[in-house]
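A.B. asks: Data: query19.txt, compact mmCIF, C-alpha atoms.
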```txt
# COMPACT_ATOMS: atom_id res chain seq x y z
CA MET A 1 24.11 -4.65 5.97
CA SER A 2 22.58 -8.11 5.78
CA ARG A 3 20.40 -9.37 8.58
CA TYR A 4 20.07 -13.08 9.33
CA PHE A 5 17.18 -15.13 10.61
CA GLU A 6 19.15 -16.49 13.58
CA ASP A 7 19.82 -12.98 14.84
CA ILE A 8 16.18 -11.94 14.95
CA ALA A 9 13.88 -12.47 17.93
CA THR A 10 10.19 -11.89 18.44
CA ASP A 11 9.61 -8.46 20.01
CA ASP A 12 12.76 -7.02 18.46
CA GLU A 13 12.05 -3.38 17.77
CA LEU A 14 13.07 -1.43 14.71
CA GLU A 15 14.75 1.88 15.33
CA PRO A 16 12.13 4.59 14.84
CA LEU A 17 12.53 6.76 11.76
CA GLU A 18 11.14 10.24 11.24
CA ARG A 19 9.85 11.46 7.90
CA LEU A 20 8.51 14.87 7.06
CA PRO A 21 5.77 14.72 4.44
CA THR A 22 5.34 17.93 2.45
CA GLU A 23 3.10 19.00 -0.39
CA ASP A 24 6.14 19.10 -2.64
CA LYS A 25 7.12 15.51 -1.81
CA ALA A 26 3.57 14.34 -2.46
CA VAL A 27 3.57 15.85 -5.93
CA GLU A 28 7.09 14.68 -6.69
CA PHE A 29 6.28 11.15 -5.55
CA PHE A 30 3.76 10.68 -8.34
CA GLY A 31 5.67 12.84 -10.82
CA ARG A 32 4.88 16.45 -11.59
CA ASP A 33 3.36 15.61 -14.97
CA ASN A 34 1.02 12.96 -13.63
CA PRO A 35 -2.47 13.76 -12.42
CA THR A 36 -3.09 13.16 -8.74
CA ASN A 37 -5.60 14.13 -6.11
CA PRO A 38 -5.42 17.96 -5.91
CA ALA A 39 -5.57 17.71 -2.12
CA PHE A 40 -2.07 16.16 -2.13
CA GLY A 41 -0.37 19.28 -3.38
CA ASP A 42 -2.68 22.06 -2.32
CA ALA A 43 -3.53 22.80 1.31
CA GLU A 44 -6.56 24.84 0.30
CA ALA A 45 -7.94 21.92 -1.72
CA GLY A 46 -7.41 19.69 1.31
CA ARG A 47 -9.28 22.14 3.52
CA ARG A 48 -12.16 22.31 1.04
CA MET A 49 -12.42 18.53 1.37
CA GLY A 50 -12.71 18.86 5.12
CA PHE A 51 -9.14 18.21 6.17
CA GLY A 52 -6.74 20.47 8.00
CA GLY A 53 -4.49 21.01 4.99
CA ALA A 54 -2.86 19.08 2.17
CA LEU A 55 -3.30 15.32 2.48
CA VAL A 56 -0.34 12.96 2.58
CA PRO A 57 -0.92 10.25 -0.08
CA GLY A 58 -1.54 6.82 1.39
CA LEU A 59 0.70 5.29 -1.26
CA LEU A 60 3.58 7.51 -0.14
CA LYS A 61 3.14 6.26 3.42
CA LEU A 62 2.91 2.69 2.18
CA SER A 63 6.12 3.20 0.22
CA TRP A 64 7.87 4.65 3.26
CA ILE A 65 6.83 1.59 5.27
CA THR A 66 8.02 -0.74 2.50
CA ASN A 67 11.37 1.02 2.38
CA TYR A 68 11.66 1.17 6.20
CA VAL A 69 11.26 -2.57 6.60
CA GLY A 70 13.38 -3.30 3.52
CA ALA A 71 16.25 -1.28 4.94
CA TRP A 72 15.96 -3.08 8.28
CA ALA A 73 15.84 -6.53 6.65
CA GLY A 74 18.85 -5.89 4.45
CA PRO A 75 19.67 -6.55 0.81
CA GLU A 76 19.53 -10.35 1.03
CA ALA A 77 15.96 -10.40 2.29
CA ASN A 78 12.88 -10.71 0.10
CA LEU A 79 9.80 -8.71 0.82
CA ARG A 80 6.77 -10.95 0.45
CA SER A 81 3.89 -8.69 1.39
CA VAL A 82 2.94 -5.39 2.97
CA ARG A 83 -0.58 -4.80 4.21
CA VAL A 84 -1.66 -1.47 5.64
CA ALA A 85 -4.81 0.06 7.05
CA PHE A 86 -5.14 3.81 6.75
CA ARG A 87 -6.55 4.77 10.14
CA ARG A 88 -6.66 8.54 9.84
CA PRO A 89 -5.52 11.16 7.36
CA ASP A 90 -2.09 12.74 7.68
CA ILE A 91 -1.60 16.40 6.91
CA ALA A 92 1.49 17.67 5.08
CA GLY A 93 3.98 19.46 7.29
CA LYS A 94 3.41 17.25 10.31
CA PRO A 95 6.28 14.88 11.01
CA LEU A 96 5.58 11.17 10.90
CA THR A 97 7.44 8.59 12.96
CA LEU A 98 7.74 5.07 11.61
CA ALA A 99 8.10 2.35 14.21
CA GLY A 100 7.98 -1.41 14.04
CA ARG A 101 8.57 -4.66 15.84
CA VAL A 102 8.93 -8.33 15.06
CA VAL A 103 5.79 -10.25 15.98
CA ASP A 104 6.65 -13.69 14.65
CA LYS A 105 9.42 -15.73 13.08
CA ARG A 106 8.98 -19.18 11.65
CA GLN A 107 10.10 -21.59 8.97
CA GLU A 108 7.56 -22.26 6.25
CA ASP A 109 8.14 -24.55 3.27
CA GLY A 110 11.87 -24.24 3.81
CA ALA A 111 11.83 -20.44 3.96
CA ASN A 112 12.62 -18.25 6.97
CA ILE A 113 9.66 -15.95 7.46
CA VAL A 114 9.62 -12.91 9.73
CA GLU A 115 6.45 -10.96 10.40
CA LEU A 116 6.49 -7.39 11.58
CA GLU A 117 3.95 -4.88 12.76
CA VAL A 118 4.66 -1.36 11.59
CA VAL A 119 2.95 1.89 12.39
CA THR A 120 3.20 5.53 11.40
CA LEU A 121 2.62 7.96 14.24
CA ALA A 122 1.63 11.61 14.07
CA ASP A 123 1.51 13.39 17.43
CA ASP A 124 2.02 9.90 18.94
CA GLN A 125 -1.25 8.70 17.39
CA PRO A 126 -1.21 5.86 14.87
CA THR A 127 -2.30 6.95 11.41
CA VAL A 128 -1.33 3.83 9.46
CA ARG A 129 -1.01 0.32 10.83
CA GLY A 130 0.75 -2.30 8.78
CA ASN A 131 1.84 -5.92 8.72
CA VAL A 132 4.85 -6.91 6.71
CA GLN A 133 6.11 -10.37 5.83
CA VAL A 134 9.75 -10.79 4.87
CA GLU A 135 11.82 -13.80 3.90
CA ILE A 136 15.20 -13.58 5.63
CA PRO A 137 18.26 -15.72 4.83
CA SER A 138 20.00 -17.96 7.33
CA ARG A 139 23.47 -17.05 8.45
CA PRO A 140 25.97 -18.61 6.00
CA MET B 1 -26.52 9.77 10.99
CA ALA B 2 -29.53 7.52 10.49
CA ASP B 3 -29.30 3.97 11.76
CA VAL B 4 -29.18 1.38 9.01
CA THR B 5 -30.65 -1.95 9.93
CA GLU B 6 -30.77 -3.57 6.51
CA SER B 7 -28.01 -4.14 4.05
CA LYS B 8 -27.98 -1.81 1.08
CA ILE B 9 -26.05 -4.34 -0.95
CA THR B 10 -28.33 -5.75 -3.62
CA ASP B 11 -28.23 -8.98 -5.59
CA GLU B 12 -27.09 -6.90 -8.54
CA HIS B 13 -24.08 -5.70 -6.54
CA ARG B 14 -23.30 -9.24 -5.38
CA ALA B 15 -23.49 -10.52 -8.93
CA MET B 16 -20.49 -8.36 -9.77
CA ILE B 17 -18.24 -10.28 -7.36
CA GLY B 18 -15.70 -12.33 -9.27
CA GLN B 19 -15.87 -10.26 -12.44
CA LYS B 20 -12.54 -9.34 -13.97
CA SER B 21 -11.38 -6.42 -16.05
CA ASP B 22 -9.76 -6.78 -19.43
CA PRO B 23 -5.97 -6.84 -19.09
CA ILE B 24 -4.32 -3.41 -19.10
CA GLU B 25 -0.67 -3.09 -20.04
CA VAL B 26 1.41 -1.31 -17.41
CA VAL B 27 5.12 -0.65 -17.68
CA PRO B 28 7.39 -0.01 -14.69
CA ARG B 29 9.32 2.99 -15.97
CA THR B 30 12.96 3.70 -15.15
CA PRO B 31 12.45 7.46 -14.54
CA ASP B 32 9.65 6.69 -12.08
CA ALA B 33 11.87 4.24 -10.22
CA GLN B 34 14.74 6.73 -10.07
CA ARG B 35 12.53 9.57 -8.88
CA MET B 36 10.86 7.46 -6.19
CA ARG B 37 14.16 6.00 -4.95
CA ASP B 38 15.61 9.49 -4.62
CA LEU B 39 12.54 10.79 -2.84
CA LEU B 40 12.61 7.91 -0.37
CA ASP B 41 16.40 8.09 0.12
CA ASP B 42 16.54 4.43 -0.87
CA SER B 43 20.09 3.19 -1.50
CA ASP B 44 19.25 -0.53 -1.71
CA PRO B 45 21.73 -2.08 -4.20
CA ARG B 46 19.13 -4.50 -5.57
CA TRP B 47 17.37 -1.78 -7.52
CA ALA B 48 20.21 0.67 -8.00
CA ASP B 49 20.89 2.17 -11.43
CA GLY B 50 21.92 -0.49 -13.93
CA THR B 51 20.28 -3.46 -12.19
CA GLY B 52 17.15 -3.30 -14.34
CA ILE B 53 15.05 -4.04 -11.25
CA ALA B 54 12.33 -1.77 -9.91
CA PRO B 55 11.91 -1.05 -6.20
CA PRO B 56 8.80 -2.77 -4.83
CA TYR B 57 6.98 0.52 -4.27
CA ILE B 58 6.92 1.08 -8.05
CA LEU B 59 3.48 -0.51 -7.69
CA ALA B 60 2.28 2.88 -6.47
CA MET B 61 2.82 4.20 -10.00
CA MET B 62 1.35 1.18 -11.75
CA GLU B 63 -1.97 0.62 -10.03
CA PRO B 64 -4.68 1.04 -12.62
CA ARG B 65 -7.80 3.03 -11.88
CA LEU B 66 -10.56 0.84 -10.55
CA PRO B 67 -12.79 0.03 -13.53
CA ALA B 68 -16.23 1.60 -13.18
CA GLU B 69 -17.93 -1.52 -14.54
CA LEU B 70 -16.48 -3.54 -11.64
CA SER B 71 -17.23 -0.97 -8.96
CA PRO B 72 -20.61 -1.36 -7.29
CA GLN B 73 -21.78 2.05 -6.12
CA VAL B 74 -23.69 1.13 -2.96
CA LEU B 75 -23.13 4.38 -1.06
CA SER B 76 -22.31 7.85 -2.32
CA SER B 77 -18.69 8.35 -1.21
CA GLY B 78 -15.64 6.15 -0.97
CA ILE B 79 -12.15 6.25 0.45
CA LEU B 80 -9.20 3.87 0.22
CA THR B 81 -8.82 2.35 3.66
CA GLN B 82 -6.58 -0.69 3.13
CA THR B 83 -3.95 -1.74 0.65
CA GLU B 84 -1.86 -4.87 0.44
CA TRP B 85 1.03 -5.49 -1.92
CA LYS B 86 2.30 -9.02 -2.56
CA PHE B 87 5.48 -9.81 -4.42
CA SER B 88 6.23 -13.11 -6.14
CA GLN B 89 9.10 -12.06 -8.40
CA PRO B 90 11.36 -9.06 -8.84
CA ILE B 91 9.68 -6.44 -11.03
CA LYS B 92 11.77 -5.69 -14.11
CA LEU B 93 12.02 -2.15 -15.36
CA GLU B 94 10.56 -1.47 -18.80
CA GLU B 95 9.09 -4.99 -19.02
CA PRO B 96 5.37 -4.67 -19.72
CA LEU B 97 3.01 -6.40 -17.32
CA GLN B 98 -0.65 -7.17 -17.80
CA ALA B 99 -2.77 -5.86 -14.95
CA VAL B 100 -6.05 -7.68 -14.38
CA THR B 101 -8.39 -6.33 -11.72
CA GLN B 102 -11.09 -8.40 -10.08
CA LEU B 103 -13.85 -7.46 -7.68
CA ILE B 104 -13.40 -9.97 -4.90
CA ASP B 105 -15.91 -8.98 -2.24
CA VAL B 106 -18.59 -6.52 -1.19
CA ARG B 107 -19.68 -6.56 2.41
CA ASP B 108 -21.51 -4.49 5.01
CA ARG B 109 -19.76 -2.92 7.95
CA LEU B 110 -21.69 -1.64 10.91
CA GLY B 111 -20.26 0.86 13.36
CA GLY B 112 -16.88 2.52 13.08
CA ARG B 113 -16.24 6.14 12.22
CA TYR B 114 -18.42 6.05 9.10
CA GLY B 115 -21.44 4.44 10.73
CA TYR B 116 -22.97 2.04 8.25
CA SER B 117 -20.48 1.53 5.48
CA VAL B 118 -19.70 -0.95 2.75
CA LEU B 119 -16.33 -2.53 2.11
CA VAL B 120 -15.52 -3.12 -1.55
CA MET B 121 -12.41 -5.20 -2.23
CA PHE B 122 -10.46 -5.39 -5.47
CA GLN B 123 -7.44 -7.43 -6.38
CA THR B 124 -5.11 -6.54 -9.22
CA ALA B 125 -2.75 -9.22 -10.51
CA TYR B 126 0.34 -8.13 -12.45
CA LEU B 127 1.26 -10.85 -14.93
CA ASN B 128 4.55 -11.10 -16.81
CA SER B 129 4.94 -12.16 -20.42
CA ASP B 130 4.87 -15.83 -19.37
CA GLY B 131 1.53 -15.29 -17.66
CA GLU B 132 3.10 -15.66 -14.21
CA GLU B 133 2.07 -13.37 -11.39
CA ALA B 134 4.93 -11.01 -10.53
CA ALA B 135 2.98 -9.01 -7.97
CA ALA B 136 -0.52 -8.32 -6.76
CA SER B 137 -2.31 -5.60 -4.91
CA LEU B 138 -5.44 -5.77 -2.81
CA ARG B 139 -7.37 -2.55 -2.32
CA THR B 140 -10.28 -2.00 0.03
CA ILE B 141 -12.54 0.98 -0.55
CA THR B 142 -14.84 1.94 2.29
CA GLN B 143 -18.04 3.42 0.90
CA PHE B 144 -20.15 5.68 3.10
CA ASP B 145 -22.83 8.35 2.84
CA ARG B 146 -21.59 11.82 3.67
CA PRO B 147 -23.60 13.38 6.49
CA GLU B 148 -25.78 16.25 5.20
```
Let me see the structure of the file written as structure tokens.
C.D. replies:
Amino acid sequence: MSRYFEDIATDDELEPLERLPTEDKAVEFFGRDNPTNPAFGDAEAGRRMGFGGALVPGLLKLSWITNYVGAWAGPEANLRSVRVAFRRPDIAGKPLTLAGRVVDKRQEDGANIVELEVVTLADDQPTVRGNVQVEIPSRP
Amino acid sequence: MADVTESKITDEHRAMIGQKSDPIEVVPRTPDAQRMRDLLDDSDPRWADGTGIAPPYILAMMEPRLPAELSPQVLSSGILTQTEWKFSQPIKLEEPLQAVTQLIDVRDRLGGRYGYSVLVMFQTAYLNSDGEEAAASLRTITQFDRPE
């Protein structure tokens, strides 16, 4: 479903979305034949590195955020940028909640720009904080 | 953790800022796009089968390793703490891109969970066959010394 600039207001909230990261998803994300950090697919390797289990890849979380905002913005929108800060490690098997809200909307060089803040939460604590900029069409 | 009152960044480290890697060819592969779309439950029609367009998160598969010759080793350990992706054009599947990585900054950071740490920032530009930037990524590595 398309979303239009006129229908968006600052402080609009995105519906939260839950994702369950697993060791299997981490390995599958990069492809089973591709080398990755062993701590992504092996809880014991994660524990040896000082974490509580297998690590959730930051790039998987970044991709979830990218997809989360893209789905909200709709197929006529253009993603301009996604910036994230990895605040704390996530451990496979712990559900993550994605949440977001609109923090600004403006017109810039003839384009409708919407800025969002997005976060992933584990046990209600932010693990990734992100800022996303999307170009959204006007209502026809 | 010992207090650090002086920067450990040397002139030699600073001299590396601005240096660029040789271009590396990267190709956004269709099987990668399909696998990632399925894993993320992404049904966006813009990069569905047959469109020839990659989902934006294909960058996760394309990011080249940070070149050692551009990576100042100020402290002993490092972890990726920030990433930014920028998109200028749709990324076409199977169309080779030239990835050029540049060290853009090295700076001290005092305080925070790592104590004294050093932020090392790299930008990778993905250029199409016309030399235009299709996408870019900015990666920040936080270097720190592991406590003994």
A.B. asks: Would you pick out the contacts of range 105-107 of chain A at 9 Å or less, using only C-alpha atoms, so that residues sharing its chain but fewer than 2 positions from it are not included, and give the list as number ranges by chain?
C.D. replies: A: 5, 8-10, 102-103, 109-116
A.B. asks: Please identify all residues of chain B having at least one atom at most 9 Å from any atom of chain A, considering only C-alpha atoms, and return them as a ChimeraX atom specification.
C.D. replies: /B:32,35-36,39-46,55-58,60-61,80-88,138
A.B. asks: CA of Val134 in chain A to CA of Ala135 in chain B: how many Å, to one decimal?
C.D. replies: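 Rounded to one decimal, the two atoms are 14.6 Å apart.
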A.B. asks: Closest to Gln143 in chain B among B:Lys8, B:Gly78, B:Gly111, B:Ala48, using all atoms listed in the file?
C.D. replies: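 Among the listed residues, the smallest separation from Gln143 in chain B belongs to B:Gly78.
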A.B. asks: Of the candidates A:Thr127, A:Val119, A:Asp7, A:Pro57, which shows the shortest atom-to-atom distance to Thr22 in chain A, using all atoms listed in the file?
C.D. replies: A:Pro57
A.B. asks: A:Asp123, A:Glu117, A:Asp42, A:Asp11: which is nearest Asp90 in chain A, counting only C-alpha atoms?
C.D. replies: A:Asp123
A.B. asks: Work out how far apart CA of Arg14 in chain B and CA of Val26 in chain B are and give it in Å to one decimal.
C.D. replies: 28.6 Å
A.B. asks: Let me make sure I understand: among B:Ala33, B:Met121, B:Leu59, B:Ile79, which one has the smallest atom-to-atom distance to Gln19 in chain B if we use all atoms listed in the file?
C.D. replies: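 The answer is B:Met121, which sits nearest to Gln19 in chain B.
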A.B. asks: Nearest residue to Val27 in chain A out of A:Ala77, A:Ala92, A:Val69, A:Leu98, using all atoms listed in the file?
C.D. replies: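 Answer, going by the shortest atom-to-atom distance: A:Ala92.
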A.B. asks: Quick one: range 35-121 of chain A from the block, C-alpha atoms, as a PDB file, in the first residue's frame.
C.D. replies:
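Output saved as selection12.pdb:
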```pdb
ATOM      1  CA  PRO A  35      32.442 -17.307   5.664  1.00  0.00           C
ATOM      2  CA  THR A  36      31.106 -15.268   8.556  1.00  0.00           C
ATOM      3  CA  ASN A  37      31.949 -14.605  12.161  1.00  0.00           C
ATOM      4  CA  PRO A  38      31.736 -18.026  13.890  1.00  0.00           C
ATOM      5  CA  ALA A  39      29.934 -16.372  16.806  1.00  0.00           C
ATOM      6  CA  PHE A  40      26.904 -15.773  14.544  1.00  0.00           C
ATOM      7  CA  GLY A  41      26.114 -19.435  14.153  1.00  0.00           C
ATOM      8  CA  ASP A  42      27.603 -21.018  17.223  1.00  0.00           C
ATOM      9  CA  ALA A  43      26.499 -20.157  20.757  1.00  0.00           C
ATOM     10  CA  GLU A  44      29.644 -21.673  22.229  1.00  0.00           C
ATOM     11  CA  ALA A  45      31.828 -19.474  20.014  1.00  0.00           C
ATOM     12  CA  GLY A  46      29.808 -16.473  21.166  1.00  0.00           C
ATOM     13  CA  ARG A  47      30.327 -17.440  24.805  1.00  0.00           C
ATOM     14  CA  ARG A  48      34.071 -17.847  24.242  1.00  0.00           C
ATOM     15  CA  MET A  49      34.080 -14.257  22.981  1.00  0.00           C
ATOM     16  CA  GLY A  50      32.441 -13.113  26.184  1.00  0.00           C
ATOM     17  CA  PHE A  51      28.821 -12.949  25.102  1.00  0.00           C
ATOM     18  CA  GLY A  52      25.852 -14.868  26.420  1.00  0.00           C
ATOM     19  CA  GLY A  53      25.446 -16.974  23.291  1.00  0.00           C
ATOM     20  CA  ALA A  54      25.444 -16.640  19.520  1.00  0.00           C
ATOM     21  CA  LEU A  55      25.624 -13.038  18.334  1.00  0.00           C
ATOM     22  CA  VAL A  56      22.998 -11.542  16.048  1.00  0.00           C
ATOM     23  CA  PRO A  57      24.808  -9.950  13.062  1.00  0.00           C
ATOM     24  CA  GLY A  58      24.561  -6.180  13.005  1.00  0.00           C
ATOM     25  CA  LEU A  59      23.958  -6.284   9.264  1.00  0.00           C
ATOM     26  CA  LEU A  60      20.933  -8.532   9.791  1.00  0.00           C
ATOM     27  CA  LYS A  61      19.491  -5.994  12.226  1.00  0.00           C
ATOM     28  CA  LEU A  62      20.280  -3.179   9.817  1.00  0.00           C
ATOM     29  CA  SER A  63      18.513  -5.096   7.055  1.00  0.00           C
ATOM     30  CA  TRP A  64      15.476  -5.679   9.264  1.00  0.00           C
ATOM     31  CA  ILE A  65      15.327  -1.946   9.972  1.00  0.00           C
ATOM     32  CA  THR A  66      15.680  -1.138   6.271  1.00  0.00           C
ATOM     33  CA  ASN A  67      12.866  -3.529   5.422  1.00  0.00           C
ATOM     34  CA  TYR A  68      10.688  -2.329   8.332  1.00  0.00           C
ATOM     35  CA  VAL A  69      10.785   1.290   7.205  1.00  0.00           C
ATOM     36  CA  GLY A  70      10.514   0.322   3.532  1.00  0.00           C
ATOM     37  CA  ALA A  71       7.335  -1.630   4.217  1.00  0.00           C
ATOM     38  CA  TRP A  72       5.883   1.291   6.167  1.00  0.00           C
ATOM     39  CA  ALA A  73       6.774   3.831   3.457  1.00  0.00           C
ATOM     40  CA  GLY A  74       5.291   1.758   0.658  1.00  0.00           C
ATOM     41  CA  PRO A  75       6.428   0.818  -2.837  1.00  0.00           C
ATOM     42  CA  GLU A  76       6.391   4.365  -4.248  1.00  0.00           C
ATOM     43  CA  ALA A  77       8.835   5.682  -1.669  1.00  0.00           C
ATOM     44  CA  ASN A  78      12.589   5.860  -2.117  1.00  0.00           C
ATOM     45  CA  LEU A  79      14.903   5.022   0.705  1.00  0.00           C
ATOM     46  CA  ARG A  80      17.683   7.603   0.819  1.00  0.00           C
ATOM     47  CA  SER A  81      19.717   6.561   3.833  1.00  0.00           C
ATOM     48  CA  VAL A  82      19.764   4.384   6.924  1.00  0.00           C
ATOM     49  CA  ARG A  83      22.183   5.120   9.736  1.00  0.00           C
ATOM     50  CA  VAL A  84      22.423   2.883  12.780  1.00  0.00           C
ATOM     51  CA  ALA A  85      24.443   2.746  15.964  1.00  0.00           C
ATOM     52  CA  PHE A  86      24.917  -0.671  17.508  1.00  0.00           C
ATOM     53  CA  ARG A  87      24.427   0.029  21.201  1.00  0.00           C
ATOM     54  CA  ARG A  88      24.718  -3.445  22.655  1.00  0.00           C
ATOM     55  CA  PRO A  89      25.021  -6.982  21.337  1.00  0.00           C
ATOM     56  CA  ASP A  90      21.916  -9.071  20.717  1.00  0.00           C
ATOM     57  CA  ILE A  91      21.924 -12.764  21.480  1.00  0.00           C
ATOM     58  CA  ALA A  92      20.200 -15.289  19.208  1.00  0.00           C
ATOM     59  CA  GLY A  93      16.960 -16.663  20.575  1.00  0.00           C
ATOM     60  CA  LYS A  94      15.896 -13.426  22.241  1.00  0.00           C
ATOM     61  CA  PRO A  95      13.040 -11.684  20.449  1.00  0.00           C
ATOM     62  CA  LEU A  96      13.657  -8.220  19.073  1.00  0.00           C
ATOM     63  CA  THR A  97      10.987  -5.564  18.728  1.00  0.00           C
ATOM     64  CA  LEU A  98      11.367  -2.957  16.017  1.00  0.00           C
ATOM     65  CA  ALA A  99       9.710   0.373  16.700  1.00  0.00           C
ATOM     66  CA  GLY A 100       9.860   3.734  14.996  1.00  0.00           C
ATOM     67  CA  ARG A 101       8.397   7.181  14.724  1.00  0.00           C
ATOM     68  CA  VAL A 102       8.448  10.124  12.365  1.00  0.00           C
ATOM     69  CA  VAL A 103      10.663  12.909  13.673  1.00  0.00           C
ATOM     70  CA  ASP A 104      10.564  15.328  10.755  1.00  0.00           C
ATOM     71  CA  LYS A 105       8.949  15.948   7.396  1.00  0.00           C
ATOM     72  CA  ARG A 106      10.007  18.633   4.984  1.00  0.00           C
ATOM     73  CA  GLN A 107      10.376  19.563   1.344  1.00  0.00           C
ATOM     74  CA  GLU A 108      13.938  19.748   0.086  1.00  0.00           C
ATOM     75  CA  ASP A 109      14.924  20.583  -3.493  1.00  0.00           C
ATOM     76  CA  GLY A 110      11.436  19.653  -4.630  1.00  0.00           C
ATOM     77  CA  ALA A 111      11.434  16.287  -2.843  1.00  0.00           C
ATOM     78  CA  ASN A 112       9.248  15.247   0.091  1.00  0.00           C
ATOM     79  CA  ILE A 113      11.583  14.026   2.814  1.00  0.00           C
ATOM     80  CA  VAL A 114      10.501  12.131   5.909  1.00  0.00           C
ATOM     81  CA  GLU A 115      12.918  11.349   8.717  1.00  0.00           C
ATOM     82  CA  LEU A 116      12.322   8.553  11.161  1.00  0.00           C
ATOM     83  CA  GLU A 117      13.947   7.299  14.319  1.00  0.00           C
ATOM     84  CA  VAL A 118      13.966   3.536  14.606  1.00  0.00           C
ATOM     85  CA  VAL A 119      15.064   1.288  17.410  1.00  0.00           C
ATOM     86  CA  THR A 120      15.398  -2.410  18.104  1.00  0.00           C
ATOM     87  CA  LEU A 121      14.480  -3.421  21.625  1.00  0.00           C
TER      88      LEU A 121
END
```
